[in-house]
>>> print(open('model.tsv').read())   # TSV, C-alpha atoms
chain	number	residue	atom	x	y	z
A	1	MET	CA	-39.74	-31.51	-51.23
A	2	THR	CA	-36.70	-31.99	-49.02
A	3	ALA	CA	-35.54	-28.84	-47.27
A	4	HIS	CA	-32.16	-27.57	-48.46
A	5	PRO	CA	-29.48	-27.66	-45.78
A	6	ALA	CA	-27.70	-24.43	-44.97
A	7	PRO	CA	-24.48	-23.81	-46.91
A	8	ASP	CA	-22.42	-24.07	-43.71
A	9	ASP	CA	-23.67	-27.58	-43.03
A	10	ALA	CA	-21.28	-30.16	-44.48
A	11	ILE	CA	-23.27	-32.79	-46.30
A	12	ASP	CA	-22.26	-36.07	-47.85
A	13	LEU	CA	-24.24	-36.66	-51.02
A	14	ASP	CA	-24.20	-39.77	-53.17
A	15	GLU	CA	-21.83	-40.25	-56.09
A	16	THR	CA	-24.21	-38.62	-58.55
A	17	THR	CA	-24.27	-35.21	-56.89
A	18	GLU	CA	-21.42	-35.06	-54.34
A	19	ASN	CA	-18.91	-33.41	-56.72
A	20	LEU	CA	-20.90	-31.01	-58.86
A	21	PHE	CA	-17.91	-29.05	-60.25
A	22	GLY	CA	-15.59	-31.98	-60.88
A	23	PHE	CA	-13.03	-31.09	-58.20
A	24	GLY	CA	-10.22	-33.62	-58.24
A	25	SER	CA	-11.14	-34.86	-61.70
A	26	PRO	CA	-8.27	-35.62	-64.13
A	27	LEU	CA	-9.39	-32.82	-66.46
A	28	LEU	CA	-9.24	-30.17	-63.72
A	29	VAL	CA	-5.93	-31.50	-62.41
A	30	ARG	CA	-4.43	-31.28	-65.91
A	31	ALA	CA	-5.70	-27.70	-66.25
A	32	LEU	CA	-4.03	-26.73	-62.96
A	33	VAL	CA	-0.79	-28.41	-64.03
A	34	ILE	CA	-0.84	-26.37	-67.25
A	35	PHE	CA	-1.42	-23.21	-65.21
A	36	ALA	CA	1.49	-24.13	-62.89
A	37	VAL	CA	3.80	-24.56	-65.86
A	38	THR	CA	2.65	-21.22	-67.25
A	39	TYR	CA	3.14	-19.66	-63.79
A	40	VAL	CA	6.78	-20.79	-63.72
A	41	ILE	CA	7.48	-19.67	-67.30
A	42	VAL	CA	5.96	-16.19	-66.79
A	43	THR	CA	7.71	-15.76	-63.42
A	44	ILE	CA	11.10	-16.66	-64.86
A	45	GLY	CA	10.56	-14.51	-67.96
A	46	ALA	CA	9.33	-11.46	-66.01
A	47	GLY	CA	12.10	-11.78	-63.42
A	48	TRP	CA	14.93	-12.48	-65.82
A	49	GLN	CA	16.81	-9.40	-64.57
A	50	ILE	CA	16.50	-10.34	-60.89
A	51	ARG	CA	19.82	-11.44	-59.41
A	52	SER	CA	18.83	-11.66	-55.73
A	53	VAL	CA	18.88	-15.20	-54.31
A	54	VAL	CA	16.51	-14.11	-51.54
A	55	THR	CA	13.96	-12.91	-54.12
A	56	TRP	CA	14.03	-16.19	-56.03
A	57	ALA	CA	13.76	-18.13	-52.78
A	58	ALA	CA	10.69	-16.05	-51.85
A	59	LEU	CA	9.12	-16.56	-55.29
A	60	THR	CA	9.78	-20.30	-55.05
A	61	ALA	CA	8.33	-20.49	-51.55
A	62	GLY	CA	5.22	-18.61	-52.71
A	63	PHE	CA	4.77	-21.01	-55.62
A	64	VAL	CA	5.11	-24.01	-53.28
A	65	LEU	CA	2.44	-22.58	-50.95
A	66	PHE	CA	0.07	-22.15	-53.91
A	67	VAL	CA	0.70	-25.76	-54.97
A	68	VAL	CA	0.01	-27.06	-51.44
A	69	ALA	CA	-3.25	-25.07	-51.21
A	70	ALA	CA	-4.44	-26.30	-54.62
A	71	SER	CA	-3.51	-29.90	-53.73
A	72	MET	CA	-5.62	-29.72	-50.57
A	73	LEU	CA	-8.59	-28.63	-52.64
A	74	MET	CA	-8.08	-31.34	-55.26
A	75	ARG	CA	-7.92	-34.10	-52.65
A	76	TYR	CA	-11.34	-33.19	-51.25
A	77	GLY	CA	-14.11	-34.52	-53.48
A	78	ARG	CA	-17.35	-33.52	-51.74
A	79	THR	CA	-19.41	-30.39	-52.22
A	80	THR	CA	-18.68	-28.58	-48.95
A	81	LEU	CA	-15.14	-27.84	-47.78
A	82	PRO	CA	-14.66	-28.23	-43.99
A	83	ARG	CA	-14.12	-24.95	-42.19
A	84	GLY	CA	-10.67	-25.95	-40.96
A	85	THR	CA	-9.52	-26.90	-44.44
A	86	ALA	CA	-10.97	-23.66	-45.87
A	87	VAL	CA	-9.02	-21.61	-43.30
A	88	VAL	CA	-5.76	-23.44	-44.05
A	89	VAL	CA	-6.21	-23.04	-47.82
A	90	ALA	CA	-6.98	-19.32	-47.50
A	91	VAL	CA	-3.97	-18.74	-45.20
A	92	LEU	CA	-1.61	-20.64	-47.51
A	93	THR	CA	-2.86	-18.71	-50.53
A	94	VAL	CA	-2.50	-15.30	-48.88
A	95	ALA	CA	0.94	-16.29	-47.58
A	96	GLY	CA	2.00	-17.39	-51.04
A	97	LEU	CA	0.98	-14.05	-52.57
A	98	THR	CA	2.63	-12.06	-49.74
A	99	MET	CA	5.94	-13.87	-50.08
A	100	SER	CA	5.88	-13.42	-53.85
A	101	PHE	CA	5.18	-9.66	-53.57
A	102	TRP	CA	7.40	-8.67	-50.63
A	103	GLY	CA	10.56	-10.14	-52.10
A	104	LEU	CA	10.48	-8.16	-55.35
A	105	PRO	CA	13.32	-5.59	-55.69
A	106	LEU	CA	12.44	-2.07	-56.82
A	107	ASP	CA	15.24	-1.69	-59.37
A	108	THR	CA	13.97	-4.62	-61.49
A	109	TYR	CA	10.25	-4.30	-60.68
A	110	LEU	CA	7.70	-5.02	-63.43
A	111	THR	CA	3.90	-5.27	-63.04
A	112	LEU	CA	4.04	-8.61	-64.88
A	113	GLN	CA	6.07	-10.04	-62.00
A	114	THR	CA	2.96	-9.87	-59.76
A	115	THR	CA	0.56	-11.34	-62.32
A	116	PRO	CA	1.27	-15.10	-61.74
A	117	ALA	CA	0.80	-14.82	-57.95
A	118	THR	CA	-2.40	-12.76	-58.29
A	119	SER	CA	-3.75	-15.25	-60.86
A	120	ALA	CA	-3.02	-18.16	-58.53
A	121	LEU	CA	-4.73	-16.30	-55.68
A	122	THR	CA	-7.80	-15.69	-57.85
A	123	ILE	CA	-8.08	-19.30	-59.05
A	124	ILE	CA	-7.69	-20.87	-55.60
A	125	LEU	CA	-10.09	-18.47	-53.85
A	126	ALA	CA	-12.67	-18.96	-56.64
A	127	MET	CA	-12.52	-22.71	-55.99
A	128	VAL	CA	-13.00	-22.06	-52.27
A	129	VAL	CA	-16.18	-20.13	-53.18
A	130	LEU	CA	-17.42	-23.06	-55.24
A	131	TYR	CA	-16.69	-25.32	-52.28
A	132	ARG	CA	-19.46	-23.45	-50.39
A	133	ARG	CA	-17.06	-21.25	-48.40
A	134	PRO	CA	-17.43	-17.75	-49.97
A	135	LEU	CA	-16.83	-15.94	-46.65
A	136	PHE	CA	-13.38	-17.47	-46.26
A	137	ALA	CA	-12.49	-16.60	-49.86
A	138	TRP	CA	-13.50	-12.95	-49.51
A	139	VAL	CA	-11.70	-12.53	-46.19
A	140	GLY	CA	-8.62	-14.03	-47.80
A	141	ALA	CA	-8.88	-11.65	-50.77
A	142	PHE	CA	-9.16	-8.58	-48.52
A	143	CYS	CA	-6.19	-9.73	-46.44
A	144	ALA	CA	-4.18	-10.33	-49.62
A	145	THR	CA	-4.94	-6.82	-50.89
A	146	GLY	CA	-3.95	-5.28	-47.57
A	147	LEU	CA	-0.69	-7.20	-47.40
A	148	ALA	CA	0.02	-6.39	-51.06
A	149	ALA	CA	-0.40	-2.70	-50.21
A	150	VAL	CA	2.05	-3.07	-47.34
A	151	GLY	CA	4.47	-4.91	-49.62
A	152	GLY	CA	4.17	-2.18	-52.23
A	153	GLU	CA	5.20	0.41	-49.68
A	154	MET	CA	8.05	-1.80	-48.47
A	155	ILE	CA	9.61	-2.24	-51.92
A	156	GLY	CA	9.02	1.39	-52.86
A	157	ILE	CA	6.20	1.25	-55.44
A	158	GLY	CA	3.60	2.63	-53.03
A	159	TYR	CA	0.41	1.41	-51.33
A	160	ALA	CA	-1.87	2.08	-54.28
A	161	VAL	CA	0.24	0.22	-56.83
A	162	GLY	CA	0.76	-2.72	-54.50
A	163	ALA	CA	-2.95	-3.02	-53.70
A	164	GLY	CA	-3.92	-2.36	-57.33
A	165	ASN	CA	-2.00	-5.44	-58.45
A	166	THR	CA	-4.67	-7.61	-56.75
A	167	LEU	CA	-7.78	-5.77	-57.91
A	168	PHE	CA	-8.54	-7.98	-60.92
A	169	CYS	CA	-9.13	-10.81	-58.41
A	170	TYR	CA	-12.42	-9.23	-57.27
A	171	PRO	CA	-14.50	-9.37	-60.51
A	172	VAL	CA	-13.71	-13.08	-60.72
A	173	LEU	CA	-14.73	-13.59	-57.09
A	174	VAL	CA	-17.96	-11.69	-57.67
A	175	LEU	CA	-18.87	-13.95	-60.62
A	176	ALA	CA	-17.81	-17.07	-58.69
A	177	THR	CA	-19.89	-16.00	-55.70
A	178	LEU	CA	-23.00	-15.32	-57.79
A	179	PHE	CA	-22.59	-18.61	-59.59
A	180	GLY	CA	-21.94	-20.41	-56.32
A	181	LEU	CA	-25.05	-18.96	-54.68
A	182	MET	CA	-27.11	-20.27	-57.58
A	183	ALA	CA	-25.32	-23.61	-57.76
A	184	ILE	CA	-24.97	-24.37	-54.03
A	185	PRO	CA	-28.55	-25.75	-53.67
A	186	MET	CA	-28.22	-27.67	-56.94
A	187	PRO	CA	-26.82	-30.96	-55.50
A	188	ASP	CA	-29.59	-31.03	-52.90
A	189	ARG	CA	-32.19	-30.32	-55.57
A	190	LEU	CA	-30.75	-33.07	-57.76
A	191	ARG	CA	-30.91	-35.50	-54.85
A	192	SER	CA	-34.46	-34.43	-54.02
A	193	LEU	CA	-35.53	-34.83	-57.64
A	194	ARG	CA	-33.93	-38.25	-57.83
A	195	GLU	CA	-35.60	-39.35	-54.61
A	196	GLN	CA	-38.92	-38.18	-56.03
A	197	ALA	CA	-38.23	-40.07	-59.25
A	198	PHE	CA	-37.42	-43.24	-57.30
A	199	ALA	CA	-40.55	-42.84	-55.19
A	200	GLN	CA	-42.68	-42.30	-58.28
A	201	ALA	CA	-41.10	-45.30	-60.01
A	202	ALA	CA	-41.72	-47.47	-56.95
A	203	GLU	CA	-45.33	-46.28	-56.76
A	204	GLU	CA	-45.85	-46.96	-60.46
A	205	ALA	CA	-44.27	-50.40	-60.10
A	206	ALA	CA	-46.50	-51.20	-57.12
A	207	THR	CA	-49.55	-49.98	-59.03
A	208	ALA	CA	-48.60	-52.06	-62.06
A	209	ALA	CA	-47.99	-55.14	-59.88
A	210	SER	CA	-51.32	-54.62	-58.12
A	211	ALA	CA	-53.11	-54.24	-61.44
A	212	ALA	CA	-51.40	-57.36	-62.80
A	213	GLU	CA	-52.41	-59.29	-59.68
A	214	ARG	CA	-56.01	-58.09	-60.02
A	215	ARG	CA	-56.07	-59.15	-63.67
A	216	ARG	CA	-54.67	-62.54	-62.73
A	217	GLN	CA	-57.26	-63.00	-59.98
A	218	LEU	CA	-60.06	-61.88	-62.28
A	219	GLU	CA	-58.90	-64.27	-64.99
A	220	ARG	CA	-58.80	-67.10	-62.48
A	221	LEU	CA	-62.21	-66.11	-61.13
A	222	ASP	CA	-63.55	-65.93	-64.66
A	223	SER	CA	-62.22	-69.36	-65.62
A	224	GLY	CA	-63.32	-71.00	-62.37
A	225	ALA	CA	-66.57	-69.27	-61.46
A	226	ARG	CA	-68.05	-68.28	-64.83
A	227	PRO	CA	-69.09	-71.82	-65.87
A	228	ILE	CA	-70.75	-72.32	-62.48
A	229	LEU	CA	-72.55	-68.98	-62.63
A	230	GLU	CA	-73.73	-69.70	-66.17
A	231	GLN	CA	-75.14	-73.02	-65.03
A	232	ILE	CA	-76.90	-71.32	-62.13
A	233	ALA	CA	-78.30	-68.68	-64.52
A	234	THR	CA	-79.74	-71.37	-66.80
A	235	GLY	CA	-81.42	-73.13	-63.87
A	236	HIS	CA	-79.16	-76.17	-63.89
A	237	GLU	CA	-79.76	-78.63	-61.05
A	238	PHE	CA	-76.48	-79.66	-59.48
A	239	GLY	CA	-75.87	-83.24	-58.43
A	240	SER	CA	-73.93	-84.20	-55.32
A	241	GLU	CA	-70.62	-84.51	-57.22
A	242	GLU	CA	-71.16	-81.20	-58.99
A	243	ALA	CA	-72.08	-79.48	-55.74
A	244	ARG	CA	-68.88	-80.76	-54.17
A	245	ASP	CA	-66.85	-79.45	-57.11
A	246	VAL	CA	-68.54	-76.07	-56.73
A	247	ARG	CA	-67.52	-75.94	-53.07
A	248	LEU	CA	-63.98	-77.00	-53.96
A	249	THR	CA	-63.80	-74.29	-56.64
A	250	GLU	CA	-64.91	-71.68	-54.15
A	251	ALA	CA	-62.35	-72.89	-51.60
A	252	GLN	CA	-59.59	-72.82	-54.24
A	253	LEU	CA	-60.44	-69.25	-55.23
A	254	ARG	CA	-60.38	-68.25	-51.56
A	255	ASP	CA	-56.94	-69.87	-51.17
A	256	THR	CA	-55.43	-67.69	-53.89
A	257	ILE	CA	-56.57	-64.57	-52.01
A	258	ARG	CA	-56.06	-65.73	-48.43
A	259	ALA	CA	-52.77	-67.62	-48.94
A	260	PRO	CA	-50.95	-66.37	-52.05
A	261	GLY	CA	-47.65	-67.72	-50.71
A	262	TRP	CA	-48.86	-71.27	-51.30
A	263	ASP	CA	-50.16	-70.48	-54.78
A	264	ALA	CA	-48.66	-72.86	-57.33
A	265	PRO	CA	-50.31	-75.18	-59.89
A	266	GLU	CA	-48.87	-78.30	-58.24
A	267	VAL	CA	-50.12	-77.19	-54.82
A	268	GLY	CA	-53.59	-76.39	-56.20
A	269	GLU	CA	-53.89	-79.83	-57.84
A	270	SER	CA	-52.80	-81.66	-54.69
A	271	VAL	CA	-55.13	-79.62	-52.45
A	272	TRP	CA	-58.04	-80.28	-54.81
A	273	ALA	CA	-57.42	-84.03	-54.81
A	274	VAL	CA	-57.17	-84.25	-50.99
A	275	ARG	CA	-60.27	-82.12	-50.48
A	276	ARG	CA	-62.26	-84.36	-52.80
A	277	ARG	CA	-61.46	-87.18	-50.41
A	278	GLY	CA	-63.30	-85.27	-47.68
A	279	ILE	CA	-60.18	-84.14	-45.83
A	280	THR	CA	-60.09	-80.50	-44.69
A	281	VAL	CA	-57.18	-78.43	-46.01
A	282	ARG	CA	-56.49	-74.98	-44.56
A	283	LEU	CA	-53.94	-72.69	-46.20
A	284	LEU	CA	-52.80	-69.63	-44.24
A	285	ASP	CA	-50.25	-66.97	-45.16
A	286	ASP	CA	-48.72	-64.44	-42.73
A	287	GLY	CA	-46.04	-63.26	-45.14
A	288	ALA	CA	-42.72	-64.93	-44.24
A	289	LEU	CA	-42.28	-66.29	-47.78
A	290	ASP	CA	-42.99	-63.01	-49.61
A	291	ASP	CA	-39.25	-62.58	-50.27
A	292	TYR	CA	-38.84	-66.14	-51.59
A	293	ALA	CA	-41.35	-66.18	-54.42
A	294	SER	CA	-40.62	-68.08	-57.64
A	295	ASP	CA	-42.83	-69.32	-60.44
A	296	ASP	CA	-40.76	-72.47	-60.97
A	297	LEU	CA	-41.44	-75.05	-58.28
A	298	ALA	CA	-38.31	-76.95	-59.35
A	299	ASP	CA	-36.14	-74.00	-58.36
A	300	GLU	CA	-34.35	-75.47	-55.36
A	301	SER	CA	-32.64	-72.17	-54.46
A	302	SER	CA	-35.93	-70.69	-53.23
A	303	LEU	CA	-37.08	-71.40	-49.67
A	304	GLY	CA	-40.62	-70.65	-50.82
A	305	ASN	CA	-40.43	-73.46	-53.35
A	306	LEU	CA	-38.98	-75.74	-50.67
A	307	ALA	CA	-42.06	-75.09	-48.54
A	308	ARG	CA	-44.42	-75.61	-51.49
A	309	ARG	CA	-42.69	-78.85	-52.57
A	310	THR	CA	-42.87	-80.11	-48.99
A	311	LEU	CA	-46.61	-79.36	-48.89
A	312	VAL	CA	-47.13	-81.19	-52.19
A	313	GLU	CA	-45.24	-84.21	-50.81
A	314	GLU	CA	-47.35	-84.23	-47.64
A	315	LEU	CA	-50.60	-83.92	-49.60
A	316	THR	CA	-49.49	-86.68	-51.97
A	317	ALA	CA	-48.80	-88.94	-49.00
A	318	VAL	CA	-52.25	-88.16	-47.57
A	319	GLU	CA	-53.88	-88.85	-50.92
A	320	ALA	CA	-52.21	-92.26	-51.02
A	321	THR	CA	-53.94	-93.32	-47.76
A	322	THR	CA	-57.45	-94.75	-47.50
A	323	THR	CA	-58.55	-92.28	-44.86
A	324	ASP	CA	-61.42	-89.96	-45.82
A	325	HIS	CA	-61.41	-87.70	-42.77
A	326	GLY	CA	-58.93	-85.48	-40.96
A	327	SER	CA	-57.26	-82.17	-41.66
A	328	VAL	CA	-54.14	-80.62	-43.11
A	329	THR	CA	-53.16	-77.10	-42.01
A	330	ALA	CA	-50.36	-75.34	-43.85
A	331	ARG	CA	-49.33	-71.96	-42.47
A	332	ILE	CA	-46.71	-69.48	-43.61
A	333	LEU	CA	-45.59	-67.78	-40.40
A	334	PRO	CA	-44.94	-64.04	-39.89
A	335	ALA	CA	-41.61	-62.69	-41.11
A	336	GLY	CA	-38.63	-62.52	-38.75
A	337	ARG	CA	-38.86	-66.01	-37.28
A	338	ASP	CA	-36.50	-68.96	-37.68
A	339	VAL	CA	-39.41	-71.12	-38.84
A	340	LEU	CA	-40.82	-69.88	-42.14
A	341	ALA	CA	-43.68	-72.31	-42.54
A	342	SER	CA	-45.32	-75.24	-40.78
A	343	ILE	CA	-47.51	-78.07	-42.04
A	344	VAL	CA	-49.67	-80.03	-39.59
A	345	VAL	CA	-51.21	-83.26	-40.87
A	346	ASP	CA	-53.87	-84.82	-38.62
A	347	VAL	CA	-55.09	-87.71	-40.71
A	348	GLY	CA	-55.66	-91.26	-39.51
A	349	LEU	CA	-53.79	-92.51	-36.49
A	350	ARG	CA	-50.92	-90.06	-36.43
A	351	MET	CA	-50.33	-86.34	-36.09
A	352	HIS	CA	-47.57	-85.16	-38.39
A	353	ARG	CA	-45.92	-81.73	-38.07
A	354	VAL	CA	-43.36	-80.41	-40.55
A	355	GLU	CA	-41.38	-77.18	-40.11
A	356	ILE	CA	-39.43	-75.39	-42.86
A	357	ARG	CA	-36.69	-73.20	-41.37
A	358	ARG	CA	-34.83	-70.15	-42.62
A	359	ASP	CA	-31.57	-72.10	-42.98
A	360	GLY	CA	-33.22	-74.48	-45.47
A	361	SER	CA	-33.62	-77.41	-43.07
A	362	VAL	CA	-36.86	-79.36	-42.68
A	363	SER	CA	-37.79	-80.98	-39.37
A	364	VAL	CA	-40.57	-83.48	-38.71
A	365	ASP	CA	-42.40	-84.09	-35.45
A	366	ALA	CA	-44.32	-87.36	-35.77
A	367	THR	CA	-46.31	-88.40	-32.68
A	368	PRO	CA	-48.95	-91.13	-32.33
A	369	VAL	CA	-52.37	-89.77	-31.49
A	370	GLY	CA	-52.37	-91.64	-28.19
A	371	ASP	CA	-49.21	-89.75	-27.10
A	372	VAL	CA	-50.68	-86.28	-27.58
A	373	ASP	CA	-51.69	-84.61	-24.29
A	374	THR	CA	-54.90	-82.71	-23.74
A	375	SER	CA	-53.31	-79.40	-24.62
A	376	GLY	CA	-52.42	-80.70	-28.08
A	377	THR	CA	-48.64	-80.57	-27.54
A	378	ALA	CA	-46.74	-83.41	-29.17
A	379	THR	CA	-44.21	-85.24	-27.00
A	380	GLY	CA	-42.56	-87.36	-29.65
A	381	PRO	CA	-39.03	-86.99	-31.02
A	382	VAL	CA	-38.04	-84.51	-33.69
A	383	ALA	CA	-35.97	-85.86	-36.55
A	384	PRO	CA	-34.77	-84.28	-39.78
A	385	ALA	CA	-36.86	-85.08	-42.82
>>> encode(input="model.tsv", output="structure tokens")
Amino acid sequence: MTAHPAPDDAIDLDETTENLFGFGSPLLVRALVIFAVTYVIVTIGAGWQIRSVVTWAALTAGFVLFVVAASMLMRYGRTTLPRGTAVVVAVLTVAGLTMSFWGLPLDTYLTLQTTPATSALTIILAMVVLYRRPLFAWVGAFCATGLAAVGGEMIGIGYAVGAGNTLFCYPVLVLATLFGLMAIPMPDRLRSLREQAFAQAAEEAATAASAAERRRQLERLDSGARPILEQIATGHEFGSEEARDVRLTEAQLRDTIRAPGWDAPEVGESVWAVRRRGITVRLLDDGALDDYASDDLADESSLGNLARRTLVEELTAVEATTTDHGSVTARILPAGRDVLASIVVDVGLRMHRVEIRRDGSVSVDATPVGDVDTSGTATGPVAPA
């Protein structure tokens, strides 16, 4: 299991888990817009008797501060709010409530006049909690209560009444905090579970591929070796031609295990025909063509098929000669090199080297045997095939 990061550590999860509560989603934005409209209607209705321009300016400024704070939260779509942003949102929210409370005149005061601002404070601080910043939300709530108490004394309703207007914020924060503490590790758990699911799926796929490859090898072994083993079991005496075919069958079965990158029906037929002529064919595979596999040899988009077609062409050319000795070595090189595969034909009077490169080009180094030095390095020209 992956260890859960601490809540204070900002993390960037993938699209599946980075926004667990839908912050910034159209549905939540619409809900906040509806609340804002309700805020304005209730404020105007509760303050219908207020005639002070300063009071309405303060109520408007408080509403604007709430809108700015909520907009900052909606623009951030990840699970953890940065500390700086959390501080700014909390300060704007507390300032919005303070301006809304301190500007209320005593002669027209109604408790309902404080309800929209306290509701906005509660909603925004609850979202801060869900953004993994409960400490900032609670500090903001305490500051808001203290400033509301001061405002209550300033307008003449008293400390207790002023502070009491913010008390219904705390049950909501308690529930949001409890829910947040349970939900905070959830994105990390979801990511861990998904990583485990991917790992299990990859392991199952690898197991299935390995089992399929074993079945394929066993089927090939059964079709190639069973007739020979049955003949041996019955005491059959092999002639020279049959003995040669037995050796060729064994070599072909070894090729499928030792050099799976060259494995194709056309390659197997060409190798068989050349080996029957007495020419040695070595197939080696160091893995460079593992990413270019294709069952259709006519698929020209695959570099693996380009290498296999080139080998078939070289073997066909060897088969067309009258020479019955020599060797052909076809090697798939290790991954990460410019040359993916090389084919060295040493049959008759010439040494022939073909290289298949990563860019899809094929180069040929053809050098007469007499021009090869003692170290085996060809000195002849290299020309494109």
>>> closest_residue(input="model.tsv", among="A:Leu112, A:Ala307, A:Val88, A:Leu135", to="Trp48 (chain A)", atoms="only C-alpha atoms")
A:Leu112
>>> atom_distance(input="model.tsv", atom1="CA of Gly360 (chain A)", atom2="CA of Asp346 (chain A)")
24.1 Å
>>> closest_residue(input="model.tsv", among="A:Ile356, A:Ala335, A:Met351, A:Val94", to="Phe142 (chain A)", atoms="all atoms listed in the file")
A:Val94
>>> atom_distance(input="model.tsv", atom1="CA of Ser327 (chain A)", atom2="CA of Glu237 (chain A)")
29.9 Å
>>> residues_around(input="model.tsv", residues="region 252-262 of chain A", least_positions_apart="4", cutoff="6 Å", atoms="all atoms listed in the file", output="list in words")
Leu283, Leu284 and Asp285 of chain A
>>> residues_around(input="model.tsv", residues="Ala70 (chain A)", least_positions_apart="6", cutoff="9 Å", atoms="only C-alpha atoms", output="mmCIF file with C-alpha atoms, in the coordinates of the input")
data_model
loop_
_atom_site.group_PDB
_atom_site.id
_atom_site.type_symbol
_atom_site.label_atom_id
_atom_site.label_comp_id
_atom_site.auth_asym_id
_atom_site.auth_seq_id
_atom_site.Cartn_x
_atom_site.Cartn_y
_atom_site.Cartn_z
ATOM 1 C CA LEU A 32 -4.030 -26.730 -62.960
ATOM 2 C CA VAL A 89 -6.210 -23.040 -47.820
ATOM 3 C CA THR A 93 -2.860 -18.710 -50.530
ATOM 4 C CA ILE A 124 -7.690 -20.870 -55.600
ATOM 5 C CA MET A 127 -12.520 -22.710 -55.990
#
>>> closest_residue(input="model.tsv", among="A:Ser52, A:Ser25, A:Thr322, A:Thr43", to="Val274 (chain A)", atoms="all atoms listed in the file")
A:Thr322
>>> closest_residue(input="model.tsv", among="A:Gly146, A:Gly326, A:Gly287, A:Pro26", to="Val345 (chain A)", atoms="all atoms listed in the file")
A:Gly326
>>> atom_distance(input="model.tsv", atom1="CA of Asn305 (chain A)", atom2="CA of Val364 (chain A)")
17.7 Å
>>> residues_near_point(input="model.tsv", point="(0.9, -12.3, -48.1)", cutoff="12 Å", atoms="only C-alpha atoms", output="MDAnalysis selection string")
chainID A and resid 58:59 61:62 65:66 90:103 117:118 121 140:152 162:163 166
>>> decode(input="model.tsv", residues="region 111-115 of chain A", atoms="all heavy atoms", output="PDB file, in the first residue's frame")
ATOM      1  N   THR A 111     -32.288  40.742  13.519  1.00  0.00           N
ATOM      2  CA  THR A 111     -31.380  39.574  13.494  1.00  0.00           C
ATOM      3  C   THR A 111     -31.245  39.013  12.081  1.00  0.00           C
ATOM      4  O   THR A 111     -30.170  38.539  11.680  1.00  0.00           O
ATOM      5  CB  THR A 111     -31.902  38.484  14.445  1.00  0.00           C
ATOM      6  OG1 THR A 111     -32.006  39.030  15.761  1.00  0.00           O
ATOM      7  CG2 THR A 111     -30.962  37.289  14.458  1.00  0.00           C
ATOM      8  N   LEU A 112     -32.331  39.090  11.303  1.00  0.00           N
ATOM      9  CA  LEU A 112     -32.292  38.558   9.937  1.00  0.00           C
ATOM     10  C   LEU A 112     -31.275  39.277   9.068  1.00  0.00           C
ATOM     11  O   LEU A 112     -30.789  38.713   8.090  1.00  0.00           O
ATOM     12  CB  LEU A 112     -33.697  38.678   9.321  1.00  0.00           C
ATOM     13  CG  LEU A 112     -33.890  38.076   7.934  1.00  0.00           C
ATOM     14  CD1 LEU A 112     -33.604  36.571   7.970  1.00  0.00           C
ATOM     15  CD2 LEU A 112     -35.306  38.344   7.416  1.00  0.00           C
ATOM     16  N   GLN A 113     -30.938  40.526   9.433  1.00  0.00           N
ATOM     17  CA  GLN A 113     -29.962  41.276   8.640  1.00  0.00           C
ATOM     18  C   GLN A 113     -28.570  40.657   8.710  1.00  0.00           C
ATOM     19  O   GLN A 113     -27.742  40.874   7.810  1.00  0.00           O
ATOM     20  CB  GLN A 113     -29.917  42.731   9.125  1.00  0.00           C
ATOM     21  CG  GLN A 113     -31.201  43.507   8.878  1.00  0.00           C
ATOM     22  CD  GLN A 113     -31.197  44.847   9.562  1.00  0.00           C
ATOM     23  OE1 GLN A 113     -30.258  45.200  10.281  1.00  0.00           O
ATOM     24  NE2 GLN A 113     -32.257  45.636   9.352  1.00  0.00           N
ATOM     25  N   THR A 114     -28.270  39.886   9.758  1.00  0.00           N
ATOM     26  CA  THR A 114     -26.946  39.251   9.887  1.00  0.00           C
ATOM     27  C   THR A 114     -26.906  37.847   9.299  1.00  0.00           C
ATOM     28  O   THR A 114     -25.828  37.265   9.140  1.00  0.00           O
ATOM     29  CB  THR A 114     -26.549  39.169  11.371  1.00  0.00           C
ATOM     30  OG1 THR A 114     -27.459  38.291  12.053  1.00  0.00           O
ATOM     31  CG2 THR A 114     -26.593  40.540  12.014  1.00  0.00           C
ATOM     32  N   THR A 115     -28.096  37.295   8.994  1.00  0.00           N
ATOM     33  CA  THR A 115     -28.146  35.897   8.535  1.00  0.00           C
ATOM     34  C   THR A 115     -27.432  35.666   7.200  1.00  0.00           C
ATOM     35  O   THR A 115     -26.674  34.694   7.060  1.00  0.00           O
ATOM     36  CB  THR A 115     -29.604  35.427   8.452  1.00  0.00           C
ATOM     37  OG1 THR A 115     -30.213  35.571   9.741  1.00  0.00           O
ATOM     38  CG2 THR A 115     -29.676  33.978   7.998  1.00  0.00           C
TER      39      THR A 115
END
